[in-house]
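Undergrad: Take a look at this one; I'll ask things after.
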Amino acid sequence: MGSLASAKIVALPMVDKYSDAEPAVAAVKPAAVEISAAETAASANAPVAASDLPVPEPEVVPTVSLTRVFRSLLARITRDRIITAALACISIGALFLFWYLGTRYRLEFYIRFKNVPTPYEVYQQLTQVGLSNKYLVNIAISVRRILLGFFIAMAIGVPLGLAIGKYQRVRDLFMPVVEILRPIPAIAWVPMSIMLWPNNEASIVFITFIGAFFPILLNTIHGVHSLDGVLIRAARCLGASEFRLFLNVILPGSLPHIFTGLAVGMGVAWVSLIAAEMISGQFGVGYFTWEAYSLVDYPAIVLGMITIGFLGLACSGIIRMVGSLLMPWLAFAPGGKR
Amino acid sequence: MTMAMVETETHKGFIDVRNMGVTFGANDSKVVAVESVSLNVQPGEFVSLIGPSGCGKSTLLSIVAGFVKPTLGEARLDGKAITKPGSDRGVVFQQYSLFPWLSVRKNVEFGLKMAGVEQSKRNTTARALLDLAGLLSFENHYPDQLSGGMKQRIGIVRALATSPQVLLMDEPFGALDTQTRVVMQEILTNIWQQFKISVLFITHDIEESIFLSDRIYVMTARPGRIKAEIKVPLPRPRRAEMTDTPEFMNLVQELKGLIREESLAAMAPEIKDRGLSGFGMKVGPKGVGEIF
């Protein structure tokens, strides 16, 4: 949400600039005419005075209004941002405060903070373990698994979703299988996956793929279905062939929904990955966290959790960023902030 | 330069619809939407099709556009039977149909891109057309940044970009407010005169049809048939002031009479069942007209 909102803020001055530029140009034009008129008149009378006079006049008018516009925009943006940043600090700060107070006074109120490490212990863990190879390798392996599983899911899910959405017969063929497989959670695939795939790595990537695949597929189908039929008719009238219709209308038209699917798919992929790593894994952040539990290394558990949180945040942040880069028009869509 | 391109083809753009019949559904749920309709649009002529809602006028346009196949009869463009949509017929829809993901200029370029025209040429044509629509300064905006009237103006020039022989317009100003509508009508007549293109214009607005057209077909309530064909003898170019002339008023009266009969006929069953019976009024099978 943050990146889309900021895209809107960035785009706002553009609109103002354009609508502002028109009168500014109109204002400059007569001045320019005056110059040429003045010059032709001046060539008969006093050339030196004429060339000096008109210069400052057109310069002053637009710069004043533009700086004023920019200044007010700048003020608005920074104030908005300060509030946003302050609220973000408060919400994260409250979490840490609760954690700190809980561990500081060893709260025993149904939930037990007896064994929970303090924030400082976790910080120490980060400075010791955080720079170790083991920790970084675990992160790298998890990220590689996520990227593999996610991109395979995207590469299959999006084209298949477009085809299912567009063609009734493709839908008739694939949807029964999809409907049966979809309710099976990715974690339930763990035993089957271990049987199916030749090695551990492939089976974990497969589980990640399963997690990401269905949200991507279903949202893509939904995107095609929610595409306004008049756009397809308009494209046909303008001479679009079947292939070009796909490329130029159906794909960009479903893109907002596809990106919703990608964001949801990424979330589910992380859930599936961590579970798979905990159950069957070697390496990975999920394995790191579970191993810490088995070794009674409490600070490492929390470090693992926080790492998962940050990795998930980074991944969905990247998806949103790519989304707003690929779909700049959404900033202006009705109900644009999404 | 675009105009010169079109002007060489002024002899083309002849729409001929003969004995057209359209039936939806089968057996019990069969609905006859259009029945034995014959009409034509001469090259360069502006023809309106007017009638009560649900009379099948949009269906007729969909057939000429190539979206719907008729049950009976056929539609021809310059002697060639129409079977599917194509860029020889520009279509302007009632709903805004600009691609929201494309900038205004890219929208206008779309048809040219589909035709494989190179980028620099597309750009020049699109800019010339946007200039004509008075929207050149908005070329890099997205459709969602524009007002309804602007969107429809772009919809019109987008349909013209591929130099079609005919322009098919399905209540293009239906969603606009009255003031915008009047201005849009004037803009449309201007564009039409420059392009000398055949236009088939669907509307339910009587003044609009008279102001724009050379000829008007009035359709009956469902099943839609041609009830009357009226020539509009007003001189060109049309000006907004003309709507106050007695000639214009007479035409309005004439058309109002024709349409009213059909609107009442179209509404009769519902009025009989619900609307008026509640007030203790008796509505006979042909007595609706007396009440109004």
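How things are named: the first chain in the structure tokens is A, the next is B, and so on; residues count from 1 in each chain; ligands count from 1 in the order shown.
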Can you work out which residues from chain B touch chain A at a cut-off of 8 Å (counting only C-alpha atoms) and hand them back as a list of chain:residue names?

TA: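 Therefore, the residues near the partner are B:Ala65, B:Phe67, B:Pro85, B:Gly86, B:Ser87, B:Arg89, B:Gly90, B:Val91, B:Phe93, B:Gln95, B:Ser97, B:Leu98, B:Phe99, B:Pro100, B:Trp101, B:Leu102, B:Phe110, B:Gly111, B:Met114, B:Ala115, B:Ser137, B:Tyr142, B:Asp144, B:Gln145, B:Ala159, B:Thr162.
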
Undergrad: The selected residues should be written to file as an mmCIF file, in the first residue's frame (atoms: N, CA and C atoms).

TA:
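Writing done, so here's result-v1.cif:
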```cif
data_model
loop_
_atom_site.group_PDB
_atom_site.id
_atom_site.type_symbol
_atom_site.label_atom_id
_atom_site.label_comp_id
_atom_site.auth_asym_id
_atom_site.auth_seq_id
_atom_site.Cartn_x
_atom_site.Cartn_y
_atom_site.Cartn_z
ATOM 1 N N ALA B 65 -21.534 -3.640 -37.048
ATOM 2 C CA ALA B 65 -20.167 -3.651 -36.527
ATOM 3 C C ALA B 65 -19.536 -5.026 -36.648
ATOM 4 N N PHE B 67 -20.389 -7.731 -34.517
ATOM 5 C CA PHE B 67 -20.364 -8.466 -33.255
ATOM 6 C C PHE B 67 -21.432 -9.549 -33.216
ATOM 7 N N PRO B 85 -15.976 -8.104 -36.927
ATOM 8 C CA PRO B 85 -15.524 -6.722 -36.736
ATOM 9 C C PRO B 85 -14.267 -6.441 -37.557
ATOM 10 N N GLY B 86 -14.093 -5.188 -37.945
ATOM 11 C CA GLY B 86 -12.908 -4.845 -38.716
ATOM 12 C C GLY B 86 -12.661 -3.352 -38.672
ATOM 13 N N SER B 87 -11.447 -2.974 -39.034
ATOM 14 C CA SER B 87 -11.067 -1.573 -38.904
ATOM 15 C C SER B 87 -11.622 -0.715 -40.041
ATOM 16 N N ARG B 89 -14.704 -0.294 -40.222
ATOM 17 C CA ARG B 89 -15.837 0.340 -39.533
ATOM 18 C C ARG B 89 -15.389 0.811 -38.159
ATOM 19 N N GLY B 90 -15.346 2.113 -37.964
ATOM 20 C CA GLY B 90 -15.010 2.633 -36.641
ATOM 21 C C GLY B 90 -16.244 2.597 -35.768
ATOM 22 N N VAL B 91 -16.071 2.183 -34.500
ATOM 23 C CA VAL B 91 -17.220 2.110 -33.604
ATOM 24 C C VAL B 91 -16.967 2.975 -32.366
ATOM 25 N N PHE B 93 -18.644 3.618 -28.668
ATOM 26 C CA PHE B 93 -19.601 2.972 -27.777
ATOM 27 C C PHE B 93 -20.209 3.960 -26.797
ATOM 28 N N GLN B 95 -20.642 3.263 -23.522
ATOM 29 C CA GLN B 95 -19.759 3.232 -22.354
ATOM 30 C C GLN B 95 -18.400 3.756 -22.796
ATOM 31 N N SER B 97 -14.856 3.494 -23.588
ATOM 32 C CA SER B 97 -14.174 2.261 -23.989
ATOM 33 C C SER B 97 -12.697 2.493 -24.249
ATOM 34 N N LEU B 98 -12.148 3.546 -23.659
ATOM 35 C CA LEU B 98 -10.707 3.753 -23.799
ATOM 36 C C LEU B 98 -9.971 2.739 -22.927
ATOM 37 N N PHE B 99 -8.790 2.317 -23.390
ATOM 38 C CA PHE B 99 -8.008 1.368 -22.599
ATOM 39 C C PHE B 99 -7.352 2.136 -21.453
ATOM 40 N N PRO B 100 -7.730 1.827 -20.205
ATOM 41 C CA PRO B 100 -7.239 2.648 -19.092
ATOM 42 C C PRO B 100 -5.734 2.570 -18.885
ATOM 43 N N TRP B 101 -5.112 1.510 -19.421
ATOM 44 C CA TRP B 101 -3.668 1.353 -19.201
ATOM 45 C C TRP B 101 -2.836 2.074 -20.249
ATOM 46 N N LEU B 102 -3.477 2.634 -21.251
ATOM 47 C CA LEU B 102 -2.741 3.360 -22.285
ATOM 48 C C LEU B 102 -2.956 4.851 -22.121
ATOM 49 N N PHE B 110 -3.850 2.996 -31.179
ATOM 50 C CA PHE B 110 -4.060 1.556 -31.055
ATOM 51 C C PHE B 110 -4.392 0.871 -32.391
ATOM 52 N N GLY B 111 -5.365 1.420 -33.110
ATOM 53 C CA GLY B 111 -5.771 0.812 -34.376
ATOM 54 C C GLY B 111 -4.640 0.785 -35.390
ATOM 55 N N MET B 114 -2.238 -1.955 -34.495
ATOM 56 C CA MET B 114 -2.768 -3.258 -34.902
ATOM 57 C C MET B 114 -2.581 -3.461 -36.413
ATOM 58 N N ALA B 115 -2.612 -2.344 -37.151
ATOM 59 C CA ALA B 115 -2.447 -2.432 -38.604
ATOM 60 C C ALA B 115 -0.970 -2.475 -38.996
ATOM 61 N N SER B 137 -2.998 18.701 -25.676
ATOM 62 C CA SER B 137 -2.224 18.927 -24.444
ATOM 63 C C SER B 137 -2.438 17.820 -23.411
ATOM 64 N N TYR B 142 -3.675 9.765 -18.692
ATOM 65 C CA TYR B 142 -4.413 8.511 -18.759
ATOM 66 C C TYR B 142 -5.906 8.809 -18.800
ATOM 67 N N ASP B 144 -8.377 7.855 -17.139
ATOM 68 C CA ASP B 144 -9.035 8.095 -15.860
ATOM 69 C C ASP B 144 -8.815 9.509 -15.335
ATOM 70 N N GLN B 145 -7.916 10.254 -15.987
ATOM 71 C CA GLN B 145 -7.691 11.637 -15.560
ATOM 72 C C GLN B 145 -8.625 12.610 -16.276
ATOM 73 N N ALA B 159 -11.540 6.020 -33.187
ATOM 74 C CA ALA B 159 -12.236 5.239 -34.214
ATOM 75 C C ALA B 159 -11.898 5.758 -35.608
ATOM 76 N N THR B 162 -7.897 4.865 -38.038
ATOM 77 C CA THR B 162 -7.576 3.880 -39.072
ATOM 78 C C THR B 162 -8.226 4.216 -40.413
#
```

Undergrad: Going by DSSP on the backbone, which residues of stretch 62-210 of chain A come out as alpha helix (DSSP H)? List them as a PyMOL selection string.

TA: chain A and resi 62-104+119-129+133-166+168-181+190-196+200-210

Undergrad: Can you pull out the residues contacting A:Leu303? Cut-off 8 Å, using only C-alpha atoms, and skip same-chain residues under 2 positions away; I want them as a tab-separated table (two decimals) with N, CA and C atoms, in the first residue's frame.

TA:
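See around_25.tsv below for the written result:
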```
chain	number	residue	atom	x	y	z
A	122	VAL	N	18.27	-10.88	21.75
A	122	VAL	CA	18.09	-11.15	20.33
A	122	VAL	C	19.05	-10.28	19.52
A	125	GLN	N	22.33	-11.83	19.69
A	125	GLN	CA	22.32	-12.99	18.82
A	125	GLN	C	22.58	-12.56	17.37
A	126	LEU	N	21.91	-11.46	17.00
A	126	LEU	CA	22.06	-10.95	15.62
A	126	LEU	C	23.50	-10.55	15.36
A	289	THR	N	15.14	-21.72	12.40
A	289	THR	CA	14.27	-21.45	13.54
A	289	THR	C	13.95	-22.73	14.31
A	299	PRO	N	17.03	-17.15	21.90
A	299	PRO	CA	17.20	-15.92	21.11
A	299	PRO	C	17.20	-16.19	19.60
A	300	ALA	N	17.78	-17.34	19.20
A	300	ALA	CA	17.85	-17.66	17.77
A	300	ALA	C	16.45	-17.89	17.18
A	301	ILE	N	15.53	-18.41	18.01
A	301	ILE	CA	14.15	-18.60	17.52
A	301	ILE	C	13.57	-17.25	17.08
A	305	MET	N	12.41	-15.78	13.48
A	305	MET	CA	11.08	-15.24	13.20
A	305	MET	C	11.17	-13.86	12.57
A	306	ILE	N	11.99	-13.01	13.18
A	306	ILE	CA	12.11	-11.65	12.67
A	306	ILE	C	12.67	-11.67	11.24
A	307	THR	N	13.62	-12.57	11.01
A	307	THR	CA	14.19	-12.68	9.67
A	307	THR	C	13.10	-13.05	8.65
```

Undergrad: I'd like the contact shell of B:Asp214 - 9 Å cut-off, only C-alpha atoms, skipping same-chain residues fewer than 6 positions apart - returned as an MDAnalysis selection string.

TA: chainID B and resid 45:48 230:234

Undergrad: Just to confirm, what's the straight-line distance from atom CA of A:Val271 to atom CA of A:Ser316 in Å (one decimal)?

TA: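 Computing the Euclidean distance for atom CA of A:Val271 and atom CA of A:Ser316 yields 13.0 Å.
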
Undergrad: For stretch 147-149 of chain A, list every protein, DNA or RNA residue within 8 Å, evaluated using only C-alpha atoms, and leave out those in the same chain fewer than 6 positions away; present the list as a ChimeraX atom specification.

TA: /A:205-210,212,269

Undergrad: Would you pick out the contacts of B:Leu77 at 12 Å or less, using only C-alpha atoms, so that residues sharing its chain but fewer than 5 positions from it are not included, and give the list as number ranges by chain?

TA: B: 12-18, 40-43, 63-66, 82-86, 88-89, 164-167, 198

Undergrad: Residues of the last selection are to be written out with C-alpha atoms, as a short mmCIF file (atom, residue, chain, number, x, y, z; two decimals), in the first residue's frame.

TA:
```cif
data_model
loop_
_atom_site.label_atom_id
_atom_site.label_comp_id
_atom_site.auth_asym_id
_atom_site.auth_seq_id
_atom_site.Cartn_x
_atom_site.Cartn_y
_atom_site.Cartn_z
CA LYS B 12 -17.00 4.54 -50.33
CA GLY B 13 -18.87 3.77 -47.14
CA PHE B 14 -22.23 2.51 -48.36
CA ILE B 15 -24.09 0.54 -45.72
CA ASP B 16 -26.91 -1.63 -46.96
CA VAL B 17 -29.09 -3.63 -44.60
CA ARG B 18 -31.75 -5.81 -46.17
CA ASN B 40 -29.10 2.15 -45.91
CA VAL B 41 -26.51 4.83 -45.38
CA GLN B 42 -25.20 6.54 -48.49
CA PRO B 43 -21.49 7.36 -48.75
CA ILE B 63 -24.67 -6.45 -36.64
CA VAL B 64 -23.20 -3.74 -38.85
CA ALA B 65 -20.17 -3.65 -36.53
CA GLY B 66 -19.85 -7.43 -36.89
CA ILE B 82 -20.26 -8.09 -43.01
CA THR B 83 -19.20 -11.16 -41.02
CA LYS B 84 -16.85 -9.91 -38.31
CA PRO B 85 -15.52 -6.72 -36.74
CA GLY B 86 -12.91 -4.84 -38.72
CA ASP B 88 -13.06 -0.51 -41.99
CA ARG B 89 -15.84 0.34 -39.53
CA PRO B 164 -12.58 3.73 -41.71
CA GLN B 165 -15.22 4.10 -44.38
CA VAL B 166 -18.01 4.38 -41.84
CA LEU B 167 -18.42 5.43 -38.27
CA SER B 198 -20.67 7.83 -43.51
#
```

Undergrad: Compare B:Gly155, B:Pro237, B:Gly116, B:Gly148 by their minimum atom-to-atom distance to B:Asp170, counting only C-alpha atoms, and give me the closest one.

TA: B:Gly155

Undergrad: Could you jot down the atom CA of A:Leu181 to atom CA of A:Leu227 separation for me, Å, one decimal place?

TA: 26.2 Å

Undergrad: If you count only C-alpha atoms, which residues fall within 12 Å of B:Asn123, apart from same-chain ones fewer than 2 positions away, as a list in words?

TA: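 Surrounding residues, per the criterion: Val104, Arg105, Lys106, Asn107, Val108, Glu109, Phe110, Gly111, Leu112, Lys113, Val117, Glu118, Gln119, Ser120, Lys121, Thr125, Ala126, Arg127, Ala128, Leu129, Leu130, Leu136, Glu139, Asn140 and Ala161 of chain B.
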
Undergrad: Go ahead and write the residues just picked, N, CA and C atoms, as a PDB file, in the first residue's frame.

TA:
```pdb
ATOM      1  N   VAL B 104      -3.530   8.683 -23.493  1.00  0.00           N
ATOM      2  CA  VAL B 104      -4.485   9.158 -24.482  1.00  0.00           C
ATOM      3  C   VAL B 104      -3.949   8.954 -25.907  1.00  0.00           C
ATOM      4  N   ARG B 105      -2.700   9.314 -26.113  1.00  0.00           N
ATOM      5  CA  ARG B 105      -2.144   9.196 -27.470  1.00  0.00           C
ATOM      6  C   ARG B 105      -2.030   7.731 -27.887  1.00  0.00           C
ATOM      7  N   LYS B 106      -1.591   6.880 -26.959  1.00  0.00           N
ATOM      8  CA  LYS B 106      -1.468   5.452 -27.284  1.00  0.00           C
ATOM      9  C   LYS B 106      -2.834   4.843 -27.592  1.00  0.00           C
ATOM     10  N   ASN B 107      -3.869   5.356 -26.934  1.00  0.00           N
ATOM     11  CA  ASN B 107      -5.213   4.899 -27.247  1.00  0.00           C
ATOM     12  C   ASN B 107      -5.563   5.203 -28.694  1.00  0.00           C
ATOM     13  N   VAL B 108      -5.280   6.438 -29.114  1.00  0.00           N
ATOM     14  CA  VAL B 108      -5.602   6.826 -30.482  1.00  0.00           C
ATOM     15  C   VAL B 108      -4.749   6.031 -31.481  1.00  0.00           C
ATOM     16  N   GLU B 109      -3.529   5.708 -31.052  1.00  0.00           N
ATOM     17  CA  GLU B 109      -2.625   4.963 -31.941  1.00  0.00           C
ATOM     18  C   GLU B 109      -3.002   3.492 -32.069  1.00  0.00           C
ATOM     19  N   PHE B 110      -3.850   2.996 -31.179  1.00  0.00           N
ATOM     20  CA  PHE B 110      -4.060   1.556 -31.055  1.00  0.00           C
ATOM     21  C   PHE B 110      -4.392   0.871 -32.391  1.00  0.00           C
ATOM     22  N   GLY B 111      -5.365   1.420 -33.110  1.00  0.00           N
ATOM     23  CA  GLY B 111      -5.771   0.812 -34.376  1.00  0.00           C
ATOM     24  C   GLY B 111      -4.640   0.785 -35.390  1.00  0.00           C
ATOM     25  N   LEU B 112      -3.841   1.847 -35.399  1.00  0.00           N
ATOM     26  CA  LEU B 112      -2.709   1.916 -36.331  1.00  0.00           C
ATOM     27  C   LEU B 112      -1.654   0.886 -35.959  1.00  0.00           C
ATOM     28  N   LYS B 113      -1.470   0.703 -34.646  1.00  0.00           N
ATOM     29  CA  LYS B 113      -0.502  -0.288 -34.181  1.00  0.00           C
ATOM     30  C   LYS B 113      -0.946  -1.687 -34.625  1.00  0.00           C
ATOM     31  N   VAL B 117       1.360  -0.112 -38.521  1.00  0.00           N
ATOM     32  CA  VAL B 117       1.946   1.166 -38.918  1.00  0.00           C
ATOM     33  C   VAL B 117       3.116   1.481 -37.986  1.00  0.00           C
ATOM     34  N   GLU B 118       4.187   2.031 -38.547  1.00  0.00           N
ATOM     35  CA  GLU B 118       5.376   2.272 -37.732  1.00  0.00           C
ATOM     36  C   GLU B 118       5.155   3.419 -36.731  1.00  0.00           C
ATOM     37  N   GLN B 119       5.952   3.379 -35.665  1.00  0.00           N
ATOM     38  CA  GLN B 119       5.746   4.245 -34.506  1.00  0.00           C
ATOM     39  C   GLN B 119       5.680   5.732 -34.850  1.00  0.00           C
ATOM     40  N   SER B 120       6.639   6.216 -35.673  1.00  0.00           N
ATOM     41  CA  SER B 120       6.698   7.660 -35.915  1.00  0.00           C
ATOM     42  C   SER B 120       5.452   8.130 -36.675  1.00  0.00           C
ATOM     43  N   LYS B 121       4.984   7.292 -37.570  1.00  0.00           N
ATOM     44  CA  LYS B 121       3.801   7.631 -38.360  1.00  0.00           C
ATOM     45  C   LYS B 121       2.549   7.622 -37.477  1.00  0.00           C
ATOM     46  N   THR B 125      -0.017  10.858 -36.794  1.00  0.00           N
ATOM     47  CA  THR B 125      -1.457  10.782 -37.036  1.00  0.00           C
ATOM     48  C   THR B 125      -2.236  11.018 -35.752  1.00  0.00           C
ATOM     49  N   ALA B 126      -1.802  10.348 -34.673  1.00  0.00           N
ATOM     50  CA  ALA B 126      -2.517  10.470 -33.403  1.00  0.00           C
ATOM     51  C   ALA B 126      -2.501  11.912 -32.918  1.00  0.00           C
ATOM     52  N   ARG B 127      -1.361  12.561 -33.062  1.00  0.00           N
ATOM     53  CA  ARG B 127      -1.271  13.946 -32.590  1.00  0.00           C
ATOM     54  C   ARG B 127      -2.152  14.872 -33.418  1.00  0.00           C
ATOM     55  N   ALA B 128      -2.203  14.618 -34.730  1.00  0.00           N
ATOM     56  CA  ALA B 128      -3.064  15.436 -35.588  1.00  0.00           C
ATOM     57  C   ALA B 128      -4.522  15.277 -35.189  1.00  0.00           C
ATOM     58  N   LEU B 129      -4.917  14.035 -34.904  1.00  0.00           N
ATOM     59  CA  LEU B 129      -6.307  13.773 -34.527  1.00  0.00           C
ATOM     60  C   LEU B 129      -6.633  14.372 -33.160  1.00  0.00           C
ATOM     61  N   LEU B 130      -5.679  14.261 -32.230  1.00  0.00           N
ATOM     62  CA  LEU B 130      -5.912  14.830 -30.905  1.00  0.00           C
ATOM     63  C   LEU B 130      -6.026  16.350 -30.985  1.00  0.00           C
ATOM     64  N   LEU B 136      -4.808  17.855 -27.585  1.00  0.00           N
ATOM     65  CA  LEU B 136      -3.395  17.552 -27.778  1.00  0.00           C
ATOM     66  C   LEU B 136      -2.601  17.712 -26.483  1.00  0.00           C
ATOM     67  N   GLU B 139      -2.221  14.562 -24.313  1.00  0.00           N
ATOM     68  CA  GLU B 139      -1.809  13.319 -24.983  1.00  0.00           C
ATOM     69  C   GLU B 139      -1.150  12.317 -24.043  1.00  0.00           C
ATOM     70  N   ASN B 140      -0.467  12.809 -23.002  1.00  0.00           N
ATOM     71  CA  ASN B 140       0.228  11.889 -22.102  1.00  0.00           C
ATOM     72  C   ASN B 140      -0.561  11.560 -20.844  1.00  0.00           C
ATOM     73  N   ALA B 161      -8.937   6.971 -36.521  1.00  0.00           N
ATOM     74  CA  ALA B 161      -7.499   6.905 -36.794  1.00  0.00           C
ATOM     75  C   ALA B 161      -7.146   5.948 -37.926  1.00  0.00           C
TER      76      ALA B 161
END
```
